[in-house]
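K.L.:
For reference, the file work.txt (compact mmCIF, C-alpha atoms) is included below:
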```
# COMPACT_ATOMS: atom_id res chain seq x y z
CA MET C 1 -8.81 16.61 44.70
CA PHE C 2 -7.40 14.70 41.72
CA ASP C 3 -3.60 14.69 41.61
CA ARG C 4 -2.83 18.32 40.65
CA GLU C 5 0.93 17.84 40.47
CA PHE C 6 0.54 14.92 38.06
CA VAL C 7 -1.43 17.13 35.65
CA LEU C 8 0.65 20.27 36.10
CA ALA C 9 3.90 18.43 35.42
CA HIS C 10 2.69 16.20 32.58
CA ARG C 11 4.24 16.45 29.12
CA LEU C 12 2.07 18.02 26.41
CA ILE C 13 1.59 17.78 22.65
CA ASP C 14 -0.29 20.64 20.97
CA THR C 15 -2.01 19.03 17.97
CA HIS C 16 -3.52 22.23 16.58
CA VAL C 17 -1.76 25.58 16.59
CA HIS C 18 -0.97 28.45 14.21
CA ARG C 19 2.02 30.73 13.86
CA PHE C 20 1.88 34.27 15.19
CA HIS C 21 3.87 37.40 14.28
CA PRO C 22 3.69 41.03 15.45
CA ASP C 23 2.98 42.30 11.93
CA ARG C 24 -0.16 40.14 11.88
CA SER C 25 -1.44 40.89 15.37
CA GLY C 26 -4.89 42.33 15.93
CA ASP C 27 -6.03 44.18 19.01
CA PHE C 28 -5.51 42.06 22.13
CA SER C 29 -9.18 42.43 23.10
CA VAL C 30 -10.50 40.44 20.16
CA VAL C 31 -9.06 37.27 21.64
CA ALA C 32 -12.26 37.29 23.69
CA GLY C 33 -14.71 37.93 20.86
CA GLY C 34 -15.79 40.61 18.44
CA TYR C 35 -14.38 38.89 15.37
CA ILE C 36 -16.95 40.51 13.11
CA ALA C 37 -15.99 44.19 13.01
CA GLY C 38 -18.45 46.75 14.31
CA GLU C 39 -18.70 49.80 16.50
CA GLY C 40 -17.74 49.08 20.10
CA GLN C 41 -16.53 45.53 19.52
CA ILE C 42 -13.16 46.07 21.22
CA GLU C 43 -14.86 47.47 24.32
CA ASN C 44 -17.42 44.66 24.24
CA ALA C 45 -14.71 42.00 24.11
CA SER C 46 -12.89 43.53 27.09
CA ASN C 47 -16.02 43.03 29.18
CA THR C 48 -16.18 39.25 28.72
CA ILE C 49 -15.28 36.62 31.31
CA LEU C 50 -12.54 35.29 29.06
CA TYR C 51 -10.87 38.68 28.75
CA ASN C 52 -10.82 39.01 32.52
CA MET C 53 -9.40 35.47 32.87
CA MET C 54 -6.53 36.32 30.54
CA ILE C 55 -5.87 39.67 32.18
CA GLU C 56 -5.61 37.97 35.58
CA ALA C 57 -3.21 35.38 34.15
CA LEU C 58 -1.06 38.19 32.77
CA ARG C 59 -1.13 40.03 36.12
CA ARG C 60 0.32 36.96 37.78
CA LYS C 61 2.92 36.51 35.02
CA PHE C 62 3.95 40.17 35.33
CA GLU C 63 3.98 39.85 39.14
CA MET C 64 1.79 42.93 39.46
CA PRO C 65 -0.13 43.55 42.72
CA GLU C 66 -3.61 42.06 43.15
CA GLU C 67 -5.16 45.51 43.23
CA ALA C 68 -3.79 46.36 39.76
CA SER C 69 -6.61 47.40 37.47
CA ALA C 70 -7.42 45.63 34.22
CA PHE C 71 -6.51 48.86 32.43
CA ALA C 72 -3.07 48.95 34.06
CA ILE C 73 -2.40 45.28 33.26
CA ARG C 74 -3.48 45.75 29.67
CA LYS C 75 -1.31 48.86 29.37
CA GLU C 76 1.70 46.94 30.68
CA ARG C 77 1.02 44.12 28.24
CA ASP C 78 0.78 46.48 25.28
CA ARG C 79 3.95 48.30 26.36
CA ARG C 80 5.98 45.10 26.56
CA TYR C 81 4.70 43.75 23.26
CA ALA C 82 5.24 47.03 21.40
CA GLU C 83 8.76 47.58 22.76
CA ASP C 84 10.11 44.11 21.98
CA PRO C 85 7.59 41.53 20.73
CA LEU C 86 10.29 38.86 20.47
CA ALA C 87 11.52 39.26 24.04
CA TYR C 88 7.94 39.46 25.32
CA SER C 89 6.91 36.27 23.51
CA ARG C 90 9.96 34.45 24.83
CA PHE C 91 9.13 35.68 28.33
CA LEU C 92 5.60 34.27 28.05
CA PHE C 93 6.79 30.89 26.84
CA SER C 94 9.54 30.50 29.41
CA GLY C 95 8.67 27.29 31.21
CA GLU C 96 5.48 26.73 29.17
CA PHE C 97 6.71 24.73 26.17
CA ALA C 98 4.89 21.72 24.81
CA ASP C 99 7.06 18.84 23.57
CA MET C 100 5.66 19.30 20.07
CA TYR C 101 3.48 21.82 18.22
CA CYS C 102 1.55 20.72 15.12
CA LEU C 103 1.53 23.92 13.04
CA GLU C 104 -1.30 24.53 10.58
CA ILE C 105 0.95 26.02 7.92
CA GLY C 106 -1.80 27.10 5.50
CA SER C 107 -3.00 29.91 7.74
CA PRO C 108 -4.08 32.64 7.80
CA LEU C 109 -7.41 31.93 6.16
CA GLY C 110 -7.75 34.11 3.06
CA GLY C 111 -4.56 36.07 3.78
CA PRO C 112 -1.01 35.89 2.44
CA ALA C 113 1.09 32.97 3.60
CA TYR C 114 3.78 33.54 6.19
CA SER C 115 7.07 34.71 4.68
CA ASP C 116 10.40 33.01 5.38
CA SER C 117 11.44 35.88 7.65
CA GLU C 118 8.18 35.62 9.61
CA LYS C 119 8.71 31.87 9.99
CA ARG C 120 12.26 32.43 11.27
CA TRP C 121 10.94 34.96 13.82
CA PHE C 122 8.37 32.45 15.07
CA ASN C 123 10.94 29.66 15.23
CA SER C 124 13.16 31.84 17.40
CA ILE C 125 10.40 31.55 20.03
CA ILE C 126 9.15 28.02 19.45
CA PRO C 127 12.20 26.08 18.19
CA ILE C 128 11.79 24.35 14.86
CA GLU C 129 12.71 20.99 16.41
CA ARG C 130 9.53 21.31 18.48
CA THR C 131 7.31 21.74 15.42
CA CYS C 132 5.76 19.58 12.75
CA SER C 133 3.27 20.54 10.05
CA ILE C 134 -0.42 20.27 9.20
CA VAL C 135 -0.97 21.09 5.51
CA ARG C 136 -4.24 22.88 4.75
CA ILE C 137 -5.80 21.80 1.47
CA ASP C 138 -7.80 25.04 1.14
CA ARG C 139 -4.54 27.00 0.81
CA VAL C 140 -3.53 24.74 -2.08
CA VAL C 141 -6.89 25.26 -3.82
CA ASP C 142 -6.87 29.04 -3.21
CA GLU C 143 -3.45 29.44 -4.83
CA LEU C 144 -4.22 27.21 -7.80
CA LEU C 145 -7.50 28.97 -8.57
CA LYS C 146 -5.56 32.17 -9.23
CA ASP C 147 -3.59 30.57 -12.07
CA GLU C 148 -5.40 27.61 -13.61
CA SER C 149 -7.83 28.15 -16.47
CA GLU C 150 -8.84 24.53 -17.06
CA PHE C 151 -10.40 22.19 -14.52
CA TYR C 152 -8.42 19.08 -15.49
CA ARG C 153 -5.21 21.04 -14.85
CA LEU C 154 -6.55 22.28 -11.51
CA ARG C 155 -7.27 18.71 -10.43
CA GLN C 156 -3.90 17.42 -11.60
CA ARG C 157 -1.94 20.30 -10.04
CA PHE C 158 -3.88 19.94 -6.78
CA HIS C 159 -2.55 16.43 -6.25
CA GLU C 160 0.96 17.42 -7.37
CA ARG C 161 1.10 20.47 -5.11
CA LEU C 162 -0.42 18.67 -2.13
CA ARG C 163 2.07 15.81 -2.44
CA ASP C 164 4.99 18.22 -2.87
CA TRP C 165 3.95 20.15 0.23
CA ILE C 166 3.51 16.96 2.27
CA CYS C 167 6.93 15.66 1.23
CA SER C 168 8.79 18.96 1.73
CA GLU C 169 7.44 19.54 5.25
CA PRO C 170 7.66 17.56 8.49
CA CYS C 171 4.02 16.76 7.77
CA VAL C 172 1.88 14.76 10.20
CA GLY C 173 -1.60 15.63 8.89
CA ILE C 174 -3.71 17.66 6.48
CA LYS C 175 -6.61 19.97 7.24
CA SER C 176 -9.88 21.17 5.72
CA CYS C 177 -11.60 24.46 6.49
CA SER C 178 -14.77 23.51 4.61
CA ALA C 179 -16.75 25.18 7.41
CA TYR C 180 -15.47 28.50 6.01
CA TYR C 181 -16.06 27.53 2.38
CA GLY C 182 -19.77 26.87 2.38
CA GLY C 183 -20.21 24.95 5.61
CA LEU C 184 -20.00 21.41 6.94
CA SER C 185 -22.87 20.12 4.84
CA VAL C 186 -20.24 18.64 2.54
CA GLU C 187 -21.67 17.50 -0.77
CA ASN C 188 -20.26 14.71 -2.91
CA PRO C 189 -19.92 16.40 -6.30
CA SER C 190 -18.90 14.44 -9.36
CA ALA C 191 -15.99 15.59 -11.53
CA SER C 192 -18.60 16.95 -13.95
CA ASP C 193 -20.27 18.95 -11.16
CA ALA C 194 -16.91 20.31 -10.04
CA MET C 195 -16.01 21.27 -13.61
CA LYS C 196 -19.24 23.24 -13.99
CA ALA C 197 -18.59 24.95 -10.66
CA PHE C 198 -15.05 25.78 -11.78
CA ASP C 199 -16.36 27.38 -14.98
CA GLU C 200 -18.87 29.40 -12.98
CA PHE C 201 -16.19 30.48 -10.51
CA LYS C 202 -13.88 31.72 -13.26
CA HIS C 203 -16.68 33.97 -14.55
CA HIS C 204 -18.13 34.82 -11.13
CA PRO C 205 -15.39 34.51 -8.47
CA GLU C 206 -17.78 35.94 -5.90
CA SER C 207 -19.97 32.81 -6.20
CA ARG C 208 -19.62 31.15 -2.80
CA TYR C 209 -21.64 28.13 -3.92
CA ALA C 210 -19.29 27.47 -6.85
CA ARG C 211 -16.33 27.76 -4.48
CA LYS C 212 -18.04 25.35 -2.08
CA ILE C 213 -18.51 22.68 -4.77
CA ILE C 214 -14.85 22.97 -5.78
CA ASN C 215 -13.74 22.74 -2.18
CA ASP C 216 -16.00 19.78 -1.40
CA PHE C 217 -14.67 17.94 -4.45
CA MET C 218 -11.05 18.58 -3.42
CA LEU C 219 -11.74 17.41 0.13
CA TYR C 220 -12.75 14.01 -1.24
CA GLU C 221 -9.75 14.09 -3.60
CA SER C 222 -7.42 14.71 -0.65
CA THR C 223 -8.33 11.32 0.79
CA GLU C 224 -5.92 9.86 -1.80
CA GLU C 225 -2.97 11.64 -0.18
CA ALA C 226 -4.26 10.96 3.32
CA THR C 227 -4.31 7.24 2.53
CA GLU C 228 -1.03 7.16 0.63
CA PHE C 229 0.92 8.96 3.37
CA SER C 230 -1.13 7.63 6.31
CA LEU C 231 -2.11 11.13 7.41
CA PRO C 232 -5.21 12.11 9.40
CA ILE C 233 -7.46 14.87 8.08
CA GLN C 234 -8.35 17.61 10.54
CA ILE C 235 -11.72 19.27 9.90
CA HIS C 236 -12.75 22.52 11.53
CA THR C 237 -16.10 21.98 13.27
CA GLY C 238 -18.26 24.05 15.56
CA ALA C 239 -17.95 27.74 16.25
CA GLY C 240 -15.30 29.94 14.71
CA GLY C 241 -14.38 33.54 14.07
CA GLY C 242 -15.48 35.95 11.37
CA SER C 243 -18.34 36.34 8.96
CA PHE C 244 -17.12 33.68 6.52
CA LEU C 245 -18.14 30.78 8.74
CA ASP C 246 -21.48 29.20 7.84
CA PHE C 247 -23.03 29.23 11.32
CA ARG C 248 -26.05 27.24 10.11
CA THR C 249 -24.02 24.10 9.37
CA GLN C 250 -21.32 24.18 12.07
CA ASN C 251 -22.70 21.04 13.76
CA PRO C 252 -20.38 18.13 12.79
CA VAL C 253 -23.43 15.90 12.28
CA ASN C 254 -23.58 17.58 8.86
CA LEU C 255 -20.46 15.56 7.96
CA ILE C 256 -22.23 12.22 8.29
CA ASP C 257 -22.37 11.44 4.54
CA PHE C 258 -18.67 12.28 4.21
CA LEU C 259 -17.78 10.07 7.17
CA LYS C 260 -19.82 7.17 5.75
CA ASP C 261 -18.25 7.42 2.28
CA ASP C 262 -16.11 4.43 1.30
CA ARG C 263 -13.15 6.73 0.63
CA VAL C 264 -13.22 7.77 4.28
CA LYS C 265 -14.84 5.18 6.56
CA ASN C 266 -12.28 2.84 8.14
CA ARG C 267 -9.71 4.22 5.69
CA VAL C 268 -8.73 7.75 6.74
CA ARG C 269 -8.39 9.06 10.29
CA ILE C 270 -10.59 12.15 10.74
CA VAL C 271 -10.08 14.63 13.59
CA LEU C 272 -13.09 16.82 14.40
CA LEU C 273 -11.49 19.99 15.74
CA HIS C 274 -12.72 21.99 18.73
CA GLY C 275 -14.89 19.14 19.98
CA GLY C 276 -17.56 20.53 17.64
CA HIS C 277 -18.40 23.21 20.24
CA PRO C 278 -21.19 23.90 21.09
CA TYR C 279 -22.20 20.46 19.79
CA GLU C 280 -20.00 18.33 22.03
CA GLU C 281 -22.66 15.64 22.52
CA GLU C 282 -23.05 15.14 18.78
CA THR C 283 -19.27 15.11 18.31
CA GLY C 284 -18.86 12.51 21.04
CA TYR C 285 -21.49 10.35 19.36
CA LEU C 286 -19.69 10.50 15.99
CA VAL C 287 -16.36 9.68 17.61
CA SER C 288 -17.94 6.69 19.34
CA GLN C 289 -19.63 5.40 16.19
CA PHE C 290 -16.74 5.62 13.72
CA ALA C 291 -13.51 3.80 14.52
CA ASN C 292 -11.49 6.23 12.40
CA VAL C 293 -12.93 9.46 13.86
CA TYR C 294 -11.16 11.38 16.63
CA THR C 295 -11.60 14.80 18.22
CA ASP C 296 -9.63 17.44 20.09
CA ILE C 297 -10.39 20.11 22.65
CA SER C 298 -8.49 22.86 20.84
CA GLY C 299 -9.85 26.31 21.57
CA THR C 300 -11.74 25.09 24.63
CA PHE C 301 -10.65 28.03 26.76
CA TYR C 302 -11.87 30.72 24.36
CA LEU C 303 -14.95 28.82 23.21
CA ASP C 304 -16.17 27.85 26.67
CA SER C 305 -14.40 30.04 29.28
CA CYS C 306 -16.01 29.20 32.66
CA LYS C 307 -18.09 26.30 31.28
CA GLY C 308 -15.11 24.40 29.88
CA PRO C 309 -15.37 21.47 32.33
CA GLU C 310 -19.09 21.07 31.63
CA ARG C 311 -18.61 21.05 27.86
CA VAL C 312 -15.64 18.67 27.95
CA LEU C 313 -17.64 16.30 30.15
CA ALA C 314 -20.43 16.47 27.56
CA LEU C 315 -17.89 15.42 24.92
CA MET C 316 -16.69 12.60 27.13
CA GLU C 317 -20.21 11.31 27.67
CA LYS C 318 -19.88 9.21 24.50
CA ALA C 319 -16.44 9.78 22.98
CA PRO C 320 -13.86 7.13 23.88
CA LEU C 321 -11.30 8.90 26.05
CA ASN C 322 -8.43 7.41 24.06
CA LYS C 323 -9.61 9.40 21.01
CA ILE C 324 -9.59 12.90 22.55
CA MET C 325 -6.51 15.13 22.23
CA TYR C 326 -5.22 18.49 23.39
CA GLY C 327 -4.82 21.44 21.04
CA SER C 328 -4.55 25.15 21.74
CA ASP C 329 -5.67 26.66 18.42
CA GLY C 330 -3.26 29.44 19.31
CA VAL C 331 -3.32 32.10 16.60
CA GLY C 332 -2.56 35.76 15.99
CA ILE C 333 -0.94 36.74 19.28
CA PRO C 334 1.36 34.80 21.63
CA GLU C 335 -0.98 34.94 24.63
CA ILE C 336 -3.47 32.46 23.14
CA THR C 337 -1.04 29.54 22.82
CA TRP C 338 0.52 30.42 26.18
CA PHE C 339 -2.76 30.76 28.08
CA ALA C 340 -4.29 27.63 26.52
CA GLN C 341 -1.57 25.45 28.05
CA LYS C 342 -2.21 26.90 31.50
CA TYR C 343 -5.99 26.66 31.14
CA VAL C 344 -6.12 23.05 29.92
CA ARG C 345 -4.20 21.79 32.93
CA GLN C 346 -6.66 23.43 35.32
CA LEU C 347 -9.53 22.18 33.17
CA LEU C 348 -8.38 18.57 33.31
CA ILE C 349 -7.83 18.77 37.06
CA LYS C 350 -11.48 19.85 37.51
CA VAL C 351 -12.85 17.30 35.03
CA PHE C 352 -11.01 14.30 36.43
CA ASP C 353 -11.51 15.39 40.02
CA TYR C 354 -15.25 15.18 39.35
CA LEU C 355 -14.99 11.84 37.54
CA THR C 356 -12.96 10.22 40.33
CA ARG C 357 -14.88 11.84 43.20
CA GLU C 358 -18.18 10.59 41.78
CA GLU C 359 -16.56 7.18 41.13
CA TYR C 360 -17.05 7.17 37.39
CA LEU C 361 -13.31 6.44 37.11
CA THR C 362 -10.70 5.10 39.44
CA GLU C 363 -7.63 7.26 40.12
CA ARG C 364 -5.54 4.83 38.13
CA ALA C 365 -7.80 5.01 35.09
CA ALA C 366 -8.02 8.80 35.37
CA ARG C 367 -4.24 9.16 35.30
CA ARG C 368 -4.09 6.98 32.19
CA TYR C 369 -6.70 9.06 30.38
CA VAL C 370 -5.10 12.36 31.38
CA SER C 371 -1.84 11.08 29.90
CA GLY C 372 -3.73 10.13 26.76
CA ILE C 373 -5.43 13.49 26.24
CA MET C 374 -2.29 15.48 26.93
CA TYR C 375 0.19 13.28 25.08
CA ASP C 376 -0.29 9.61 24.16
CA ASN C 377 -3.43 9.87 22.01
CA ALA C 378 -1.68 12.31 19.69
CA LEU C 379 1.14 9.84 19.09
CA GLU C 380 -1.39 7.18 18.14
CA CYS C 381 -3.49 9.37 15.84
CA TYR C 382 -0.66 11.37 14.23
CA SER C 383 1.75 8.55 13.57
CA GLY C 384 4.53 10.84 12.31
CA ILE C 385 4.86 12.98 15.44
CA GLU C 386 7.11 10.58 17.33
CA ASN C 387 9.56 10.31 14.44
CA TYR C 388 9.92 14.08 14.20
CA MET C 389 10.34 14.32 17.96
CA LYS C 390 13.20 11.81 17.78
CA LYS C 391 14.83 13.75 14.91
CA GLY C 392 14.53 16.95 16.93
CA GLU C 393 16.27 15.34 19.89
CA LYS C 394 19.14 14.18 17.67
CA ASN C 395 19.56 17.66 16.14
CA LYS C 396 19.78 19.48 19.46
```
Using the file provided, produce a representation of the structure as structure tokens.

P.N.:
Amino acid sequence: MFDREFVLAHRLIDTHVHRFHPDRSGDFSVVAGGYIAGEGQIENASNTILYNMMIEALRRKFEMPEEASAFAIRKERDRRYAEDPLAYSRFLFSGEFADMYCLEIGSPLGGPAYSDSEKRWFNSIIPIERTCSIVRIDRVVDELLKDESEFYRLRQRFHERLRDWICSEPCVGIKSCSAYYGGLSVENPSASDAMKAFDEFKHHPESRYARKIINDFMLYESTEEATEFSLPIQIHTGAGGGSFLDFRTQNPVNLIDFLKDDRVKNRVRIVLLHGGHPYEEETGYLVSQFANVYTDISGTFYLDSCKGPERVLALMEKAPLNKIMYGSDGVGIPEITWFAQKYVRQLLIKVFDYLTREEYLTERAARRYVSGIMYDNALECYSGIENYMKKGEKNK
């Protein structure tokens, strides 16, 4: 068995995580599926393998007997969270902290931004010195579209607002959710095309195609800030939650024209989130072909459940192991971020046990790559993380 203690004790950087707050929590069951509302979805989600994995992890955390039923464990969880969500969240995270969490501060998608009081609540669980920021360009566009009546002003204000947000935050990257705004088949619209789409959107705000053209245009525009501030761009790829995702274009191969564009290739670091699940092979190929393209395994536990090792190995088939990073994609409720940290350690033990046992890697090489995925690769890709970690240490 590959060195379990080495993995279990290793430091961790979470390169992709969202805030959570009790006022924004959904039903616990939907962590395991059922994102598109419908009759019986909560019951359906509670009958998935993932739900049962999380319930068992909570049973152990609560120190309940092995014979405790899933219903009893769930009831105890709901009781604790309802009575004191702050104390419960702190209890979960006791002993489970990552060294740094890269917060996607534009979330939630399509909803109101987190208030200052909500941010303070979150930071009382995960200390602010352990966080840095990922700025989501879609949030900038969404807010500007409410106010601007002329396209040239929208374009100008986009760059001003994006730069202001980058400079006012401990920012280490920016993010695109194009997958939710028309899909990953990113077009390369001209300013004239984007202006026409803007005019159509102002008259028909329900036009998803007009919104897609605007978003695609602004994604290319954001490469200016990414280059100026040496920031990677995260792009959501693969599966996701809700009816807004364009399932037909979730394969990251659809990004090929964007990746080959002169504004991007060998100029801006791109991080394909979630390993492109369920298209890990294609993601690995893209990461191997483009020097500036990276990936992470954020969300692996809820996207793959019991097949996590198989899917991560598929990603590793082609992707250079020094370009793969950990992320939780924790969102909504505290259990996701907490459980992801526990799951990834067990996942990496299984993956690297196989790779060393079958002699694909030596033990020495395996330890180096585990360190990379959990920690070192993030420092190389997100060049600002280490500086903010040092500032946090000084401010303690």

K.L.:
For segment 372-388 of chain C, list every protein, DNA or RNA residue within 6 Å, evaluated using all atoms listed in the file, and leave out those in the same chain fewer than 2 positions away; present the list as a ChimeraX atom specification.

P.N.:
/C:12-13,172,322,324-326,369-370,390-391

K.L.:
What's the separation between atom CA of Leu92 of chain C and atom CA of Ile349 of chain C, in Å to one decimal place?

P.N.:
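We find that atom CA of Leu92 of chain C and atom CA of Ile349 of chain C lie 22.4 Å from each other.
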
K.L.:
Can you work out which one of C:Ala319, C:Gln41, C:Arg311, C:Asn188 has the shortest atom-to-atom distance to Ser288 of chain C, counting only C-alpha atoms?

P.N.:
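With only C-alpha atoms as the atom set, the closest residue is C:Ala319.
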
K.L.:
Could you pull the residues within 8 Å of Gln250 of chain C, counting only C-alpha atoms, minus those fewer than 5 positions along the same chain, as an mmCIF file with C-alpha atoms, in the coordinates of the input?

P.N.:
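Output saved as selection28.cif:
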```cif
data_model
loop_
_atom_site.group_PDB
_atom_site.id
_atom_site.type_symbol
_atom_site.label_atom_id
_atom_site.label_comp_id
_atom_site.auth_asym_id
_atom_site.auth_seq_id
_atom_site.Cartn_x
_atom_site.Cartn_y
_atom_site.Cartn_z
ATOM 1 C CA ALA C 179 -16.750 25.180 7.410
ATOM 2 C CA GLY C 183 -20.210 24.950 5.610
ATOM 3 C CA LEU C 184 -20.000 21.410 6.940
ATOM 4 C CA THR C 237 -16.100 21.980 13.270
ATOM 5 C CA GLY C 238 -18.260 24.050 15.560
ATOM 6 C CA ALA C 239 -17.950 27.740 16.250
ATOM 7 C CA GLY C 276 -17.560 20.530 17.640
#
```

K.L.:
In Å to one decimal, how far is atom CA of Arg267 of chain C from atom CA of Arg139 of chain C?

P.N.:
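Distance between the two atoms: 23.9 Å.
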
K.L.:
Quick one: residues within 8 Å of segment 215-217 of chain C, all atoms listed in the file counted, chain neighbours fewer than 2 positions away excluded, as a ChimeraX atom specification?

P.N.:
/C:138,141,178,181,186-191,194,211-213,219-221

K.L.:
Could you tell me how far atom CA of Ser298 of chain C sits from atom CA of Arg136 of chain C, in Å to one decimal place?

P.N.:
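So the answer is 16.6 Å.
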
K.L.:
Looking at C:Glu143, C:Met53, C:Arg90, C:Glu76, which one is nearest to Gly110 of chain C, with distances taken over all atoms listed in the file?

P.N.:
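The closest residue to Gly110 of chain C is C:Glu143.
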
K.L.:
Out of C:Asn292, C:Thr337, C:Ser185, C:Gln234, which residue has the shortest atom-to-atom distance to Pro320 of chain C when counting only C-alpha atoms?

P.N.:
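Ranked by minimum distance to Pro320 of chain C, first place goes to C:Asn292.
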
K.L.:
Sorted by chain and rising residue number, list the residues of segment 264-311 of chain C at most 10 Å from segment 14-19 of chain C (counting only C-alpha atoms), each with its closest atom pair and distance in Å to one decimal, as a tab-separated table.

P.N.:
```
residue	atom	partner	partner_atom	distance
C:Leu273	CA	C:His16	CA	8.3
C:His274	CA	C:His16	CA	9.5
C:Asp296	CA	C:Thr15	CA	8.1
C:Ile297	CA	C:His16	CA	9.4
C:Ser298	CA	C:His16	CA	6.6
C:Gly299	CA	C:His16	CA	9.0
```

K.L.:
Might you pull out every residue within 7 Å of Phe122 of chain C, with all atoms listed in the file counted and same-chain residues fewer than 2 positions away left off, and present them as JSON, numbers by chain?

P.N.:
{"C": [19, 20, 21, 118, 119, 120, 124, 125, 126]}

K.L.:
Pick out the closest residue to Leu50 of chain C from this set: C:Phe6, C:Gln346, C:Asp353, C:Val30. Count only C-alpha atoms.

P.N.:
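For Leu50 of chain C, the nearest of the given residues is C:Val30.
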
K.L.:
Under the rule that all atoms listed in the file are counted, which of C:Leu109, C:Lys350, C:Glu148, C:Ala82 is the nearest residue to Leu245 of chain C?

P.N.:
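For Leu245 of chain C, the nearest of the given residues is C:Leu109.
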